[in-house]
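For reference, run_14.cif (mmCIF, C-alpha atoms and all ligand atoms):
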data_my_file
#
loop_
_atom_site.label_atom_id
_atom_site.label_comp_id
_atom_site.auth_asym_id
_atom_site.auth_seq_id
_atom_site.Cartn_x
_atom_site.Cartn_y
_atom_site.Cartn_z
CA MET A 698 0.00 0.00 0.00
CA PRO A 699 1.40 3.40 -0.91
CA ASN A 700 1.69 6.05 1.80
CA LEU A 701 -0.92 8.76 1.40
CA ILE A 702 0.47 12.28 1.55
CA LEU A 703 -1.30 15.61 1.05
CA VAL A 704 0.55 18.53 -0.50
CA ALA A 705 -1.10 21.92 0.01
CA ASP A 706 0.11 25.05 -1.75
CA ASP A 707 -1.71 27.80 -3.65
CA ASN A 708 1.14 28.02 -6.18
CA PRO A 709 0.98 25.21 -8.79
CA ASP A 710 4.72 25.53 -9.44
CA ASN A 711 5.43 24.75 -5.79
CA ILE A 712 3.14 21.72 -5.94
CA LEU A 713 5.02 20.46 -9.00
CA LEU A 714 8.36 20.97 -7.27
CA LEU A 715 7.22 19.21 -4.09
CA LYS A 716 5.83 16.31 -6.12
CA ARG A 717 9.09 16.00 -8.00
CA VAL A 718 11.03 15.81 -4.74
CA LEU A 719 8.55 13.32 -3.28
CA ARG A 720 8.75 11.06 -6.34
CA ARG A 721 12.53 10.92 -5.91
CA THR A 722 12.33 9.72 -2.31
CA GLY A 723 11.94 6.16 -3.53
CA LEU A 724 8.88 5.80 -1.32
CA GLU A 725 5.69 4.45 -2.77
CA LEU A 726 3.40 7.46 -2.36
CA GLU A 727 -0.07 8.48 -3.36
CA ILE A 728 0.01 12.27 -3.50
CA LEU A 729 -3.13 14.36 -2.94
CA GLU A 730 -3.08 18.03 -3.89
CA ALA A 731 -4.87 21.00 -2.38
CA ASN A 732 -4.53 24.65 -3.34
CA SER A 733 -6.35 26.29 -0.47
CA GLY A 734 -6.87 25.90 3.23
CA ARG A 735 -10.47 24.79 2.76
CA ASP A 736 -9.44 22.17 0.20
CA THR A 737 -6.78 20.93 2.57
CA ILE A 738 -9.26 20.44 5.39
CA ARG A 739 -11.87 18.81 3.15
CA LEU A 740 -9.34 16.37 1.65
CA ALA A 741 -7.75 15.64 5.01
CA ILE A 742 -11.11 14.69 6.50
CA ASP A 743 -12.18 12.66 3.44
CA ARG A 744 -8.94 10.79 2.84
CA LEU A 745 -7.01 10.87 6.13
CA PRO A 746 -3.51 11.31 4.71
CA GLU A 747 -0.57 10.09 6.80
CA LEU A 748 1.29 13.38 6.39
CA ILE A 749 0.44 16.91 5.24
CA LEU A 750 2.94 19.34 3.70
CA LEU A 751 1.32 22.71 4.29
CA ASP A 752 2.16 26.04 2.70
CA MET A 753 1.75 28.73 5.35
CA LYS A 754 0.88 31.50 2.91
CA MET A 755 -2.40 30.83 1.12
CA PRO A 756 -5.15 33.29 0.22
CA ASP A 757 -8.36 32.10 1.90
CA MET A 758 -7.24 30.42 5.10
CA ASP A 759 -3.52 30.66 5.65
CA GLY A 760 -1.50 27.70 6.85
CA TYR A 761 -1.70 28.74 10.49
CA GLN A 762 -5.51 28.83 10.41
CA THR A 763 -5.60 25.59 8.44
CA ALA A 764 -3.29 23.80 10.87
CA ALA A 765 -5.34 25.05 13.82
CA ALA A 766 -8.56 23.81 12.18
CA LEU A 767 -7.02 20.39 11.49
CA ARG A 768 -5.90 20.14 15.11
CA GLY A 769 -9.37 21.11 16.26
CA ASP A 770 -11.11 18.29 14.38
CA GLU A 771 -10.94 14.88 16.01
CA THR A 772 -10.71 13.20 12.58
CA THR A 773 -7.51 15.03 11.66
CA GLU A 774 -6.03 16.06 15.01
CA ASN A 775 -3.20 13.50 14.92
CA ILE A 776 -2.07 13.85 11.31
CA PRO A 777 1.49 15.21 11.27
CA ILE A 778 1.79 18.56 9.50
CA VAL A 779 5.04 19.87 8.07
CA ALA A 780 4.87 23.63 7.53
CA VAL A 781 6.51 24.69 4.26
CA THR A 782 7.17 28.39 4.17
CA ALA A 783 9.29 31.15 2.76
CA GLN A 784 8.75 33.16 5.93
CA ALA A 785 12.03 32.27 7.59
CA MET A 786 11.73 35.07 10.10
CA LEU A 787 12.60 34.75 13.73
CA GLY A 788 9.54 33.42 15.55
CA ASP A 789 7.91 31.84 12.48
CA ARG A 790 8.87 28.34 13.51
CA GLU A 791 7.31 28.90 16.93
CA LYS A 792 4.20 30.36 15.32
CA ALA A 793 3.83 27.29 13.08
CA ILE A 794 4.38 24.87 15.96
CA GLU A 795 1.91 26.81 18.08
CA ALA A 796 -0.71 26.55 15.30
CA GLY A 797 -0.28 22.76 15.44
CA CYS A 798 2.42 22.02 12.88
CA SER A 799 4.78 19.21 13.80
CA GLU A 800 7.74 20.58 11.92
CA TYR A 801 8.86 23.49 9.79
CA VAL A 802 10.89 23.55 6.58
CA THR A 803 11.73 26.67 4.61
CA LYS A 804 11.50 27.55 0.94
CA PRO A 805 13.42 27.31 -1.27
CA ILE A 806 13.00 23.60 -0.65
CA ASP A 807 16.06 21.64 0.37
CA ALA A 808 15.28 18.33 -1.34
CA ALA A 809 17.51 16.26 0.96
CA LEU A 810 16.01 17.80 4.11
CA LEU A 811 12.46 17.39 2.88
CA THR A 812 13.13 13.77 1.91
CA GLU A 813 14.60 13.03 5.33
CA THR A 814 11.65 14.73 7.06
CA VAL A 815 9.00 12.89 5.04
CA LYS A 816 10.71 9.54 5.60
CA ARG A 817 10.98 10.20 9.33
CA TYR A 818 7.25 10.96 9.67
CA LEU A 819 6.08 8.08 7.51
CA ALA A 820 8.31 5.67 9.43
CA LYS A 821 6.91 6.84 12.77
CA LYS A 822 3.46 5.41 12.30
MG MG B 901 1.53 30.22 -0.89
#
Please, can you express the file's structure as structure tokens?
Amino acid sequence: MPNLILVADDNPDNILLLKRVLRRTGLELEILEANSGRDTIRLAIDRLPELILLDMKMPDMDGYQTAAALRGDETTENIPIVAVTAQAMLGDREKAIEAGCSEYVTKPIDAALLTETVKRYLAKK
């Protein structure tokens, strides 16, 4: 059975890049895509992915609101969330963790770091 992973980003180019990195991990993955916070929540509840890669900057609900909503729903409260963000400002990691993210990686994506992070979370189950 492939591992189910949800990639959420409002920029299609970022989704393509993340998918490319994920395909190179060597893991057997089914990749779901969302381009908004609402889509992310809907798909997470419907499909229960094992890991969510979440862009923090999205137009309708940002990643912080989305993470908080996922944590507040008993269906999705335990799904690990990796925040993916260009906002590498002091305090952003804490803000993401506080919103319910399990981990924080910055853009531009470091393929090796992302691969290691994804493998670590999928192995934890
Ligand atoms: Mg964005």
Practice task
Set the cut-off to 12 Å, count only C-alpha atoms and all ligand atoms, and list whatever residues fall near ligand MG 901 (chain B) as a PyMOL selection string.
Solution key: chain A and resi 704-712+731-734+750-761+780-784+804
Problem - Top pick for closest residue to Ala820 of chain A, considering A:Ala764, A:Leu745, A:Leu724, A:Leu713 and counting all atoms listed in the file - result: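 Answer, going by the shortest atom-to-atom distance: A:Leu724.
Distance-wise, atom CA of Arg720 of chain A and atom CA of Met698 of chain A end up 15.5 Å apart.
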Completion exercise
Here atom CA of Ala793 of chain A and atom CA of Arg721 of chain A stand apart by 26.5 Å
Can you pull out every residue within 9 Å of Gly797 of chain A, counting only C-alpha atoms, but drop anything in the same chain fewer than 2 positions away, and send it as a compact mmCIF listing (two decimals) with C-alpha atoms, in the frame of the given file?
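Final output, part_24.txt:
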# COMPACT_ATOMS: atom_id res chain seq x y z
CA TYR A 761 -1.70 28.74 10.49
CA ALA A 764 -3.29 23.80 10.87
CA ALA A 765 -5.34 25.05 13.82
CA ALA A 766 -8.56 23.81 12.18
CA LEU A 767 -7.02 20.39 11.49
CA ARG A 768 -5.90 20.14 15.11
CA GLU A 774 -6.03 16.06 15.01
CA PRO A 777 1.49 15.21 11.27
CA ILE A 778 1.79 18.56 9.50
CA LYS A 792 4.20 30.36 15.32
CA ALA A 793 3.83 27.29 13.08
CA ILE A 794 4.38 24.87 15.96
CA GLU A 795 1.91 26.81 18.08
CA SER A 799 4.78 19.21 13.80
Extending 8 Å beyond the listed atoms of segment 733-749 of chain A on each side, what axis-aligned box results? I want centre and edge lengths in Å to one decimal, as JSON.
{"center_x": -5.4, "center_y": 18.2, "center_z": 3.2, "size_x": 29.5, "size_y": 32.2, "size_z": 23.3}
Practice task
Go through A:Asp807, A:Asp789, A:Glu771, A:Asp743 one by one, measure the shortest atom-to-atom distance of each to Leu715 of chain A using all atoms listed in the file, and give the residue with the smallest value.
Solution key: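 So, comparing all the options, the nearest one is A:Asp807.
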Completion exercise
atom CA of Arg817 of chain A sits from atom CA of Leu729 of chain A at a separation of 19.2 Å
Handout entry: Minimum-distance residue to Arg744 of chain A, chosen among A:Val779, A:Thr722, A:Asn700, A:Arg717 (using only C-alpha atoms)
Key = A:Asn700
